[in-house]
Structure formats: structure tokens, C-alpha cells
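> Quick one: this structure, given as C-alpha cells, is what I'll be asking you about.
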Amino acid sequence: MSKESFYVTTPIYYVNDVPHIGHAYSTIIADALARYKRLSGYDVLFLTGTDEHGQKVEKAAREWGRTPQEHCDLMVGPFKELWRKLNISYDDFIRTTQERHIMVVQAIFQNLFSQGDIYKGFYEGWYCIHEETFYPESQLVEGCCPECGRPVEWLKEESYYFRSSKYQDQLLQYIKDNPDFIRPDFRRNEVVSFIKSGVQDTSVSRTTFKWGIPVPFDPDHVVYVWFDALINYLTGVGYLQDEEKTAKFWPADIHVIGKDIIRFHCVIWPMMLLSLGLPLPKQVLAHGFWMLGGAKMSKSTGVVVDPNRLIEEFGTDSIRYFLLREIAVGLDGEFTQDALIRRLNGDLANDLGNLVHRTVAMVMKYFDGEVPEAGELGALETVLRDETIGLALVVDELMNKTDIRGALMQIWGVIARANKYVDEAAPWALAREGQTEQLRTVMHTLLETIRVIAILISPVMPETAEKIWDQLGQSNFTSVTIEDARKWDMLALGTAVKKAAPLFPRVEIK
RNA sequence: GGCGGUGUAGCUCAGAUGGUUAGAGCACACGGUUCAUACCCGUGGCGUCGGAGGUUCAAAUCCUCCCACCGCUACCA
């Protein structure tokens with residue numbers, strides 16, 4: 001009996017970059033989805049990694065006086081370190097310089113060549129000798145190299161081509177038959193109109209530099225980085241290495257990507273898979289960018305937000321929550337510290353943090369911290385209970401549509417209800433009047449509600465969820481499942497809740 | 001240029017198939033409460049629904065034109 005599987009990926013990040021909030025965003029989305037599916041009982045494979053080939057890496061390594069491999073080994077560190085700080089639960093971390101990957105890329109290249117989908121031709125374009133790079137016409141600055149300003153010349157280079165043109169119709173059909181393949185849907189329309197305008201064959205090898213995977217039958221060529229990089233998704237499921245694993249996890253359920261690489265994931269990659277006779281991924285989820293003062297974040301413009309600094313200042317879960325709650329996946333968002341602090345103070349400190357804190361404080365005060373048994377539920381309790389145990393279903397529907405933001409909004413709806421319930425039930429009045437039975441019921445209802453909330457926020461805020469679990473005096477959070485969020489009266493009675501520091505300290509706005 | 005999209009309260013946005021006084025959150029003001037992280041609960045103001053025409057008993061919602069902004073329009077990761 002094998003459990004249902006779920007395979008989610010992030011882009012593999014180019015090692016020439018230092019990780020910024022954009023990288024973190026893709027990875028956090030994938031992590032939340034992966035965690036949610038694990039909670040739901042799926043066998044999950046969550047893959048991330050680094051893209052390490054290409055001319056830019058070769059050049060940077062040379063400038064640092066390192067070999068390209070040494071350079072990559074160094075540059076991969078900050079990514080792994082950031083993922084550790086962000087609590088990213090990846091199952092595998094792939095590097096395109098790993099032997100397992102090189103083997104797969106070469107085999108695939110050979111394969112497609114043998115079947116005639118890769119052929120030798122010529123790549124023509126504007127070439128800058130100094131930068132050793134081809135530039136598309138659109139990038140030239142007054143007919144000169146956009147990097148160094150020197151004149152460019154028209155050059156013809158031998159290159160292998162992938163016969164992508166052959167798969168246009170098949171791909172269009174697939175997109176038509178699978179409306180969820182490209183999300184959000186306005187991206188799907190863009191891709192469709194792009195394909196309809198005609199897809200040319202794609203150059204998939206280079207001869208102007210060396211740092212890449214050698215074309216197996218023609219050592220003058222290295223495999224073009226995108227062809228190389230996309231294949232990581234197959235290497236990661238053990239393609240050509242582990243048949244069972246491949247069968248279990250391929251096709252991928254979701255490739256999480258940024259909107260800048262839609263073309264590669266929604267056109268070239270599926271065409272490569274069609275050529276290989278493999279099923280296509282079920283979904284490519286393209287998210288938007290975080291902007292700073294209206295400008296796109298990028299290393300070259302120096303417009304970046306360093307996630308490490310943010311984590312130190314505001315905490316991992318706050319950042320995770322903000323990124324996933326503030327904007328709907330697919331749209332761009334403005335990253336400002338003010339907005340972050342508003343979410344932190346409002347949603348996290350005032351609503352969630354305070355709910356937990358005030359509840360635990362009352363249990364301490366009225367019952368010496370012991371989780372009380374409920375008496376008969378009144379109308380108020382019944383309403384809150386029903387809404388709470390119905391929440392998991394609503395959340396499930398939204399999470400399956402990858403609407404993480406919507407799910408969070410629903411959860412916060414119940415948090416608001418619970419805070420209101422405290423006011424309505426007025427436990428302090430019950431305590432004053434000595435209505436102990438009633439008071440037990442109220443506190444029990446609140447604790448149960450918080451228990452469910454802890455479970456449901458755990459994919460987005462794993463650390464906070466565990467802290468709450470601990471404060472509720474419960475143990476074994478790792479064995480909790482989504483089913484537990486649909487049941488009531490699951491708290492071990494008589495265990496001791498623990499008063500702790502507020503989950504989210506308010507941040508003063510300066 | 002071509003194709004597509006957006007323009008609704010100070011801010012971020014909801015508002016199938018046209019139909020009672022256009023909504024939410026945040027922010028703001030006032031009131032209540034005291035268990036709690038000066039928190040929570042309640043109440044309130046504010047909008048020529050980008051502009052102009054049109055269809056209709058009735059339009060934010062349909063049509064036409066205009067204005068503004070955005071995305072895509074092939075090889076940089």
C-alpha cells in the first residue's frame with residue numbers, strides 16, 4: 001500500500017547570485033505546499049538546488065582565481081544556510097555539477113540526438129569578443145555590447161539544436177486539455193499566444209566556453225545551461241537511476257517558479273519531455289516579484305533585501321507569513337518594512353499571539369494551568385466549534401488550488417472569531433460569579449480552537465505551530481495529521497499548559 | 001505596432017450570469033471591556049466605482065470611444 005505522492009520543486013538557483021528575498025519567496029511557497037501535503041498524508045518529494053554551469057560562473061571563478069568547481073562549492077553555502085534559517089524542509093538538494101546529474105543530462109542529450117530531435121546547425125547572432133557572449137538584438141546598446149560597450153560582430157557558431165518546432169501542436173493540445181497546467185491563468189494565455197506565434201528550434205549547446213556538461217559525442221560543445229538546468233527535475237526523481245522512485249514521483253505535481261522563467265518551464269521543458277516520451281508536469285506555478293520602491297529586485301541594480309537580516313530582526317515565521325499572506329501568488333508585491341511590521345503587529349502579535357497568550361494566561365489563573373474538561377456546549381461554543389472543525393476542509397480546498405493566501409485568510413477569520421468569543425463568553429465574569437462548569441467549557445473550547453489553528457498554520461509557520469503545541473501542554477507534534485484538525489476534544493485533559501513569552505513581540509514603528 | 005490585462009474608500013484589494021442604502025482588512029475617530037503583548041470587542045465617517053457617450057425600467061457590472069498604467073511579443077540564470 002503506497003501513499004499518494006506529491007513532487008514539488010523550486011527553481012535551481014544560479015550560484016552567481018547571493019540569495020535574496022525573491023529566491024526565498026519561491027522556496028517558501030514550495031515549502032508550505034510540501035509541508036501541507038505531508039500533513040495530509042502524502043509521500044512528498046521536495047526538491048531544490050543550485051544551477052552551477054555557464055559562462056558567468058566560469059568568468060566569476062576566473063576573477064576570483066578559483067576553479068569553477070571551487071567557486072560553486074563556495075557559493076552554494078549561503079543558499080543552504082538561508083534554507084536552514086528559513087526552516088525549508090527540502091528532501092533533496094541537487095547541484096548540476098553532481099555526477100548523477102551530469103550522467104542524466106548526457107544520456108538525454110545522446111538520446112534525443114539518436115532519435116533525431118537534436119541536430120547540428122549554426123547559431124548566428126551578435127557576438128562580443130571581449131565578453132565572449134552572444135547578445136540578442138534587443139539588448140544591444142546603440143549597436144554595441146551592453147556589458148563593455150565595444151562593437152559587436154555578427155558571428156556564426158556551430159551549435160546543436162533541439163527540434164522544439166516539432167512539438168508545438170502537441171503542447172498546445174496539452175495546455176488546452178489541462179487548464180491547470182500553467183497558473184495563474186493570465187500566464188497561460190501569454191504562453192499560448194507565444195506558442196501560436198511559432199516556436200523555433202532551440203540552440204542547446206555552446207562552444208565559446210568550457211564550464212558546462214560536455215556533449216557526449218562532441219567534446220567541443222557543452223550543453224546549454226537551460227537544457228542542463230531543466231533536467232534537474234528528472235535527475236531529482238532518480239530518472240535513469242531509480243526506476244521505482246521515478247515511477248512514484250514523476251510527473252511533478254508542481255514546479256514553483258518566478259515569472260521570469262515561464263518560457264523555459266512552460267514551453268521548452270514540456271517539449272523536451274514530449275520528445276523523451278515522458279508525461280508533462282501537472283502544474284507550473286509562476287509567482288510574481290517583490291518590488292522595492294517600484295523597482296525589481298536584482299543584484300545588478302543593487303536593489304535587494306537581504307533575507308538574513310530580516311530573519312534576524314523579525315524572525316523566520318514572520319517573514320514566511322508575510323510573504324505568503326501579503327500578496328496572491330502570481331502578482332507582484334511591494335516589499336516594505338512598514339507593511340511587514342503591520343502584518344506582524346496586527347495579524348501575528350495582536351490577533352494570533354494575543355489569543356494564545358490570553359487563553360493560556362486564563363487557564364493558568366483559573367485552573368492552575370490544567371487543561372479543563374468541557375461541560376455541555378452552549379450556543380456560542382457550538383458555533384465556534386463547528387466553524388473551527390470545518391476550517392480544515394475550506395483550507396484544504398484552497399491549498400489544493402495553491403491559494404495559500406486564501407487559506408491564511410480563512411484561518412485568520414477563525415482567529416478573529418475566537419477573540420470575539422472571549423469577549424462574548426467573558427470568562428472573567430464567570431470566574432467572578434463562580435460558574436466553574438461554564439468556565440471550564442469556555443476555556444476548553446478556546447484551547448481546542450487554538451489546537452486546530454496550530455495544526456493549520458504549521459505549513460506556513462512550523463516553528464510557531466510547535467511553540468503553540470508546547471504551550472498547550474501537548475507533545476508529539478510531528479505525528480499530528482490534518483485529520484486531527486477536523487476533530488474536536490483531542491487535547492489530553494489535565495496536562496499542564498505552559499505560560500511562555502508572547503509568540504510575536506510587537507515591533508515599535510520608528 | 002500586435003495580443004492580453006488593469007483602473008472601486010487614505011492604503012491593499014473583493015465585488016458570477018446587470019437589480020434593494022457599493023463591501024472587507026489596514027489606517028483614522030469615538031465608545032465598551034479588562035483575561036491578555038495599550039490587547040480585544042463594538043460603532044462611525046469617507047468613495048462623481050478612470051473619463052465621455054450609449055443600451056436598459058435598472059449598470060461598478062453590457063456596448064462604443066478616449067485617457068492612464070501594466071504584462072507578453074524567443075534563447076541573460
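Labeling convention for the C-alpha cells: chains A, B, ... as they appear, residues from 1 per chain, ligands from 1 in order of appearance.
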Considering only C-alpha atoms (C1' of nucleotides), give me a table of residues in chain A that are at most 6 Å from chain B, with the closest atom pair and distance in Å for each, as a tab-separated table.

residue	atom	partner	partner_atom	distance
A:Tyr14	CA	B:A77	C1'	5.3
A:Glu190	CA	B:C72	C1'	5.6
A:Arg358	CA	B:A36	C1'	4.1
A:Met362	CA	B:C35	C1'	5.7
> Show which residues sit within 7 Å of stretch 456-466 of chain A, as a PDB file with N, CA and C atoms, in the first residue's frame. Count only C-alpha atoms (C1' of nucleotides), and ignore same-chain residues fewer than 4 positions away.

ATOM      1  N   ALA A  32       5.813  25.501   1.947  1.00  0.00           N
ATOM      2  CA  ALA A  32       4.483  25.477   2.549  1.00  0.00           C
ATOM      3  C   ALA A  32       3.623  24.396   1.886  1.00  0.00           C
ATOM      4  N   ARG A  35       4.946  20.947   3.042  1.00  0.00           N
ATOM      5  CA  ARG A  35       4.551  20.664   4.424  1.00  0.00           C
ATOM      6  C   ARG A  35       3.065  20.349   4.513  1.00  0.00           C
ATOM      7  N   TYR A  36       2.282  21.086   3.748  1.00  0.00           N
ATOM      8  CA  TYR A  36       0.848  20.833   3.795  1.00  0.00           C
ATOM      9  C   TYR A  36       0.527  19.427   3.308  1.00  0.00           C
ATOM     10  N   ASP A 317       9.308  32.893  11.058  1.00  0.00           N
ATOM     11  CA  ASP A 317       7.903  32.686  10.768  1.00  0.00           C
ATOM     12  C   ASP A 317       7.198  33.975  10.358  1.00  0.00           C
ATOM     13  N   ARG A 320       8.014  34.334   6.694  1.00  0.00           N
ATOM     14  CA  ARG A 320       7.267  33.337   5.922  1.00  0.00           C
ATOM     15  C   ARG A 320       5.809  33.760   5.804  1.00  0.00           C
ATOM     16  N   TYR A 321       5.231  34.156   6.947  1.00  0.00           N
ATOM     17  CA  TYR A 321       3.833  34.563   6.932  1.00  0.00           C
ATOM     18  C   TYR A 321       3.627  35.781   6.045  1.00  0.00           C
ATOM     19  N   VAL A 452      -6.473  23.462  16.853  1.00  0.00           N
ATOM     20  CA  VAL A 452      -6.731  23.309  15.423  1.00  0.00           C
ATOM     21  C   VAL A 452      -5.964  24.364  14.619  1.00  0.00           C
ATOM     22  N   ASP A 470       3.375  23.300  22.280  1.00  0.00           N
ATOM     23  CA  ASP A 470       4.082  23.169  23.540  1.00  0.00           C
ATOM     24  C   ASP A 470       3.347  23.924  24.651  1.00  0.00           C
ATOM     25  N   PHE A 477       4.218  16.683  18.275  1.00  0.00           N
ATOM     26  CA  PHE A 477       3.620  17.456  17.192  1.00  0.00           C
ATOM     27  C   PHE A 477       3.906  16.841  15.833  1.00  0.00           C
TER      28      PHE A 477
END
> Hey, which of B:U61, B:U55, B:C67, B:C28 ends up closest to B:A16? Count only C-alpha atoms (C1' of nucleotides).
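The closest residue to B:A16 is B:U61.
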> Residues of stretch 252-381 of chain A classed as strand (DSSP E or B) by DSSP on the backbone are to be reported as a PyMOL selection string.
chain A and resi 254-258+284-287+290-292+295-296+298+303+333-334+370
> Just want the 12 Å neighbourhood of A:Ala60, counted on only C-alpha atoms (C1' of nucleotides), with same-chain residues fewer than 3 positions away dropped. Output as an MDAnalysis selection string.
chainID A and resid 15:17 52:57 63:72 75 211
> With distances taken over only C-alpha atoms, which residue among A:Glu326, A:Glu313, A:Glu244, A:Asp51 lies nearest A:Trp290?
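Ranking A:Glu326, A:Glu313, A:Glu244, A:Asp51 by distance to A:Trp290, first place goes to A:Glu326.
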> As a ChimeraX atom specification, please: the residues near B:A58 (cut-off 12 Å, only C-alpha atoms (C1' of nucleotides), same-chain neighbours under 4 positions excluded).
/B:18-20
> Using N, CA, C and O atoms (P, O5', C5', C4', C3', O3' and C1' of nucleotides), can you export the residues from the last selection as an mmCIF file, in the first residue's frame?

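New file result19.cif:
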data_model
loop_
_atom_site.group_PDB
_atom_site.id
_atom_site.type_symbol
_atom_site.label_atom_id
_atom_site.label_comp_id
_atom_site.auth_asym_id
_atom_site.auth_seq_id
_atom_site.Cartn_x
_atom_site.Cartn_y
_atom_site.Cartn_z
ATOM 1 P P G B 18 -26.443 39.879 -16.682
ATOM 2 O "O5'" G B 18 -25.390 40.483 -15.612
ATOM 3 C "C5'" G B 18 -25.710 40.580 -14.300
ATOM 4 C "C4'" G B 18 -25.829 42.056 -13.914
ATOM 5 C "C3'" G B 18 -27.144 42.336 -13.175
ATOM 6 O "O3'" G B 18 -27.006 41.972 -11.793
ATOM 7 C "C1'" G B 18 -26.746 43.984 -14.842
ATOM 8 P P G B 19 -26.574 42.910 -10.590
ATOM 9 O "O5'" G B 19 -27.918 43.726 -10.410
ATOM 10 C "C5'" G B 19 -27.889 45.022 -9.791
ATOM 11 C "C4'" G B 19 -29.216 45.257 -9.142
ATOM 12 C "C3'" G B 19 -29.593 44.121 -8.199
ATOM 13 O "O3'" G B 19 -29.197 44.400 -6.866
ATOM 14 C "C1'" G B 19 -31.397 44.741 -9.659
ATOM 15 P P U B 20 -29.493 45.821 -6.090
ATOM 16 O "O5'" U B 20 -29.254 45.548 -4.543
ATOM 17 C "C5'" U B 20 -29.407 46.629 -3.645
ATOM 18 C "C4'" U B 20 -30.799 47.164 -3.747
ATOM 19 C "C3'" U B 20 -31.082 48.449 -3.000
ATOM 20 O "O3'" U B 20 -30.681 49.580 -3.807
ATOM 21 C "C1'" U B 20 -32.799 46.884 -2.550
#
> Between atom CA of A:Val256 and atom CA of A:Thr27, measure the distance and give it in Å to one decimal.
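Straight-line distance from atom CA of A:Val256 to atom CA of A:Thr27 works out to 8.0 Å.
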> Return as a PyMOL selection string the full set of residues in stretch 196-410 of chain A whose backbone-based DSSP assignment is alpha helix (DSSP H).
chain A and resi 196+225-230+232-235+243-249+262-263+269-276+307-314+316-326+337-343+354-367+379-400+404-410
> May I have the residues within 8 Å of A:Ile415 as number ranges by chain, using only C-alpha atoms (C1' of nucleotides) and disregarding those fewer than 5 positions away in the same chain?
A: 351-352, 355, 453
> Leaving out A:Val152 and any residue of its chain fewer than 4 positions from it, which residues lie within 9 Å of it when counting only C-alpha atoms (C1' of nucleotides), given as an MDAnalysis selection string?
chainID A and resid 126:129 134:135 140 143:145
> For the residues in the current selection, export all heavy atoms as a PDB file, in the first residue's frame.

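Final output, saved to out_35.pdb:
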ATOM      1  N   TRP A 126      24.722  38.434 -32.727  1.00  0.00           N
ATOM      2  CA  TRP A 126      25.697  39.475 -32.420  1.00  0.00           C
ATOM      3  C   TRP A 126      26.566  38.999 -31.275  1.00  0.00           C
ATOM      4  O   TRP A 126      26.065  38.608 -30.238  1.00  0.00           O
ATOM      5  CB  TRP A 126      24.989  40.778 -32.052  1.00  0.00           C
ATOM      6  CG  TRP A 126      24.259  41.387 -33.209  1.00  0.00           C
ATOM      7  CD1 TRP A 126      22.915  41.402 -33.407  1.00  0.00           C
ATOM      8  CD2 TRP A 126      24.850  42.047 -34.323  1.00  0.00           C
ATOM      9  NE1 TRP A 126      22.611  42.035 -34.575  1.00  0.00           N
ATOM     10  CE2 TRP A 126      23.785  42.446 -35.177  1.00  0.00           C
ATOM     11  CE3 TRP A 126      26.166  42.339 -34.716  1.00  0.00           C
ATOM     12  CZ2 TRP A 126      23.994  43.121 -36.386  1.00  0.00           C
ATOM     13  CZ3 TRP A 126      26.370  43.014 -35.910  1.00  0.00           C
ATOM     14  CH2 TRP A 126      25.288  43.403 -36.727  1.00  0.00           C
ATOM     15  N   TYR A 127      27.864  39.064 -31.513  1.00  0.00           N
ATOM     16  CA  TYR A 127      28.797  38.482 -30.552  1.00  0.00           C
ATOM     17  C   TYR A 127      29.812  39.527 -30.116  1.00  0.00           C
ATOM     18  O   TYR A 127      30.354  40.277 -30.943  1.00  0.00           O
ATOM     19  CB  TYR A 127      29.514  37.304 -31.220  1.00  0.00           C
ATOM     20  CG  TYR A 127      30.412  36.516 -30.294  1.00  0.00           C
ATOM     21  CD1 TYR A 127      29.873  35.573 -29.418  1.00  0.00           C
ATOM     22  CD2 TYR A 127      31.801  36.691 -30.320  1.00  0.00           C
ATOM     23  CE1 TYR A 127      30.681  34.846 -28.581  1.00  0.00           C
ATOM     24  CE2 TYR A 127      32.621  35.961 -29.472  1.00  0.00           C
ATOM     25  CZ  TYR A 127      32.061  35.035 -28.606  1.00  0.00           C
ATOM     26  OH  TYR A 127      32.871  34.305 -27.780  1.00  0.00           O
ATOM     27  N   CYS A 128      30.057  39.576 -28.827  1.00  0.00           N
ATOM     28  CA  CYS A 128      31.095  40.471 -28.319  1.00  0.00           C
ATOM     29  C   CYS A 128      32.308  39.617 -27.981  1.00  0.00           C
ATOM     30  O   CYS A 128      32.235  38.731 -27.131  1.00  0.00           O
ATOM     31  CB  CYS A 128      30.628  41.219 -27.072  1.00  0.00           C
ATOM     32  SG  CYS A 128      31.967  42.159 -26.290  1.00  0.00           S
ATOM     33  N   ILE A 129      33.401  39.875 -28.642  1.00  0.00           N
ATOM     34  CA  ILE A 129      34.595  39.055 -28.449  1.00  0.00           C
ATOM     35  C   ILE A 129      35.124  39.193 -27.027  1.00  0.00           C
ATOM     36  O   ILE A 129      35.522  38.219 -26.392  1.00  0.00           O
ATOM     37  CB  ILE A 129      35.693  39.451 -29.464  1.00  0.00           C
ATOM     38  CG1 ILE A 129      35.183  39.135 -30.871  1.00  0.00           C
ATOM     39  CG2 ILE A 129      36.983  38.695 -29.184  1.00  0.00           C
ATOM     40  CD1 ILE A 129      36.111  39.577 -31.965  1.00  0.00           C
ATOM     41  N   PHE A 134      27.027  35.995 -26.897  1.00  0.00           N
ATOM     42  CA  PHE A 134      26.051  36.447 -27.882  1.00  0.00           C
ATOM     43  C   PHE A 134      25.009  37.307 -27.198  1.00  0.00           C
ATOM     44  O   PHE A 134      24.598  37.009 -26.083  1.00  0.00           O
ATOM     45  CB  PHE A 134      25.356  35.245 -28.531  1.00  0.00           C
ATOM     46  CG  PHE A 134      26.193  34.559 -29.570  1.00  0.00           C
ATOM     47  CD1 PHE A 134      27.011  33.488 -29.232  1.00  0.00           C
ATOM     48  CD2 PHE A 134      26.155  34.987 -30.888  1.00  0.00           C
ATOM     49  CE1 PHE A 134      27.787  32.857 -30.183  1.00  0.00           C
ATOM     50  CE2 PHE A 134      26.924  34.347 -31.851  1.00  0.00           C
ATOM     51  CZ  PHE A 134      27.749  33.279 -31.501  1.00  0.00           C
ATOM     52  N   TYR A 135      24.600  38.374 -27.873  1.00  0.00           N
ATOM     53  CA  TYR A 135      23.524  39.190 -27.326  1.00  0.00           C
ATOM     54  C   TYR A 135      22.401  39.297 -28.341  1.00  0.00           C
ATOM     55  O   TYR A 135      22.650  39.466 -29.529  1.00  0.00           O
ATOM     56  CB  TYR A 135      24.024  40.603 -26.991  1.00  0.00           C
ATOM     57  CG  TYR A 135      25.014  40.611 -25.846  1.00  0.00           C
ATOM     58  CD1 TYR A 135      26.382  40.680 -26.095  1.00  0.00           C
ATOM     59  CD2 TYR A 135      24.578  40.521 -24.538  1.00  0.00           C
ATOM     60  CE1 TYR A 135      27.297  40.668 -25.054  1.00  0.00           C
ATOM     61  CE2 TYR A 135      25.484  40.512 -23.493  1.00  0.00           C
ATOM     62  CZ  TYR A 135      26.841  40.583 -23.749  1.00  0.00           C
ATOM     63  OH  TYR A 135      27.728  40.564 -22.713  1.00  0.00           O
ATOM     64  N   LEU A 140      21.293  45.060 -27.353  1.00  0.00           N
ATOM     65  CA  LEU A 140      22.433  45.885 -27.753  1.00  0.00           C
ATOM     66  C   LEU A 140      22.183  47.348 -27.408  1.00  0.00           C
ATOM     67  O   LEU A 140      21.063  47.844 -27.490  1.00  0.00           O
ATOM     68  CB  LEU A 140      22.676  45.755 -29.252  1.00  0.00           C
ATOM     69  CG  LEU A 140      23.030  44.343 -29.732  1.00  0.00           C
ATOM     70  CD1 LEU A 140      23.269  44.349 -31.240  1.00  0.00           C
ATOM     71  CD2 LEU A 140      24.253  43.808 -29.010  1.00  0.00           C
ATOM     72  N   GLY A 143      23.979  49.440 -30.834  1.00  0.00           N
ATOM     73  CA  GLY A 143      24.740  48.522 -31.677  1.00  0.00           C
ATOM     74  C   GLY A 143      26.002  47.987 -31.037  1.00  0.00           C
ATOM     75  O   GLY A 143      26.807  47.318 -31.687  1.00  0.00           O
ATOM     76  N   CYS A 144      26.207  48.275 -29.762  1.00  0.00           N
ATOM     77  CA  CYS A 144      27.416  47.783 -29.095  1.00  0.00           C
ATOM     78  C   CYS A 144      27.051  46.888 -27.909  1.00  0.00           C
ATOM     79  O   CYS A 144      25.900  46.803 -27.490  1.00  0.00           O
ATOM     80  CB  CYS A 144      28.249  48.959 -28.591  1.00  0.00           C
ATOM     81  SG  CYS A 144      28.948  49.922 -29.936  1.00  0.00           S
ATOM     82  N   CYS A 145      28.079  46.263 -27.398  1.00  0.00           N
ATOM     83  CA  CYS A 145      27.908  45.337 -26.290  1.00  0.00           C
ATOM     84  C   CYS A 145      27.323  46.043 -25.066  1.00  0.00           C
ATOM     85  O   CYS A 145      27.834  47.079 -24.643  1.00  0.00           O
ATOM     86  CB  CYS A 145      29.266  44.719 -25.937  1.00  0.00           C
ATOM     87  SG  CYS A 145      29.221  43.717 -24.449  1.00  0.00           S
TER      88      CYS A 145
END
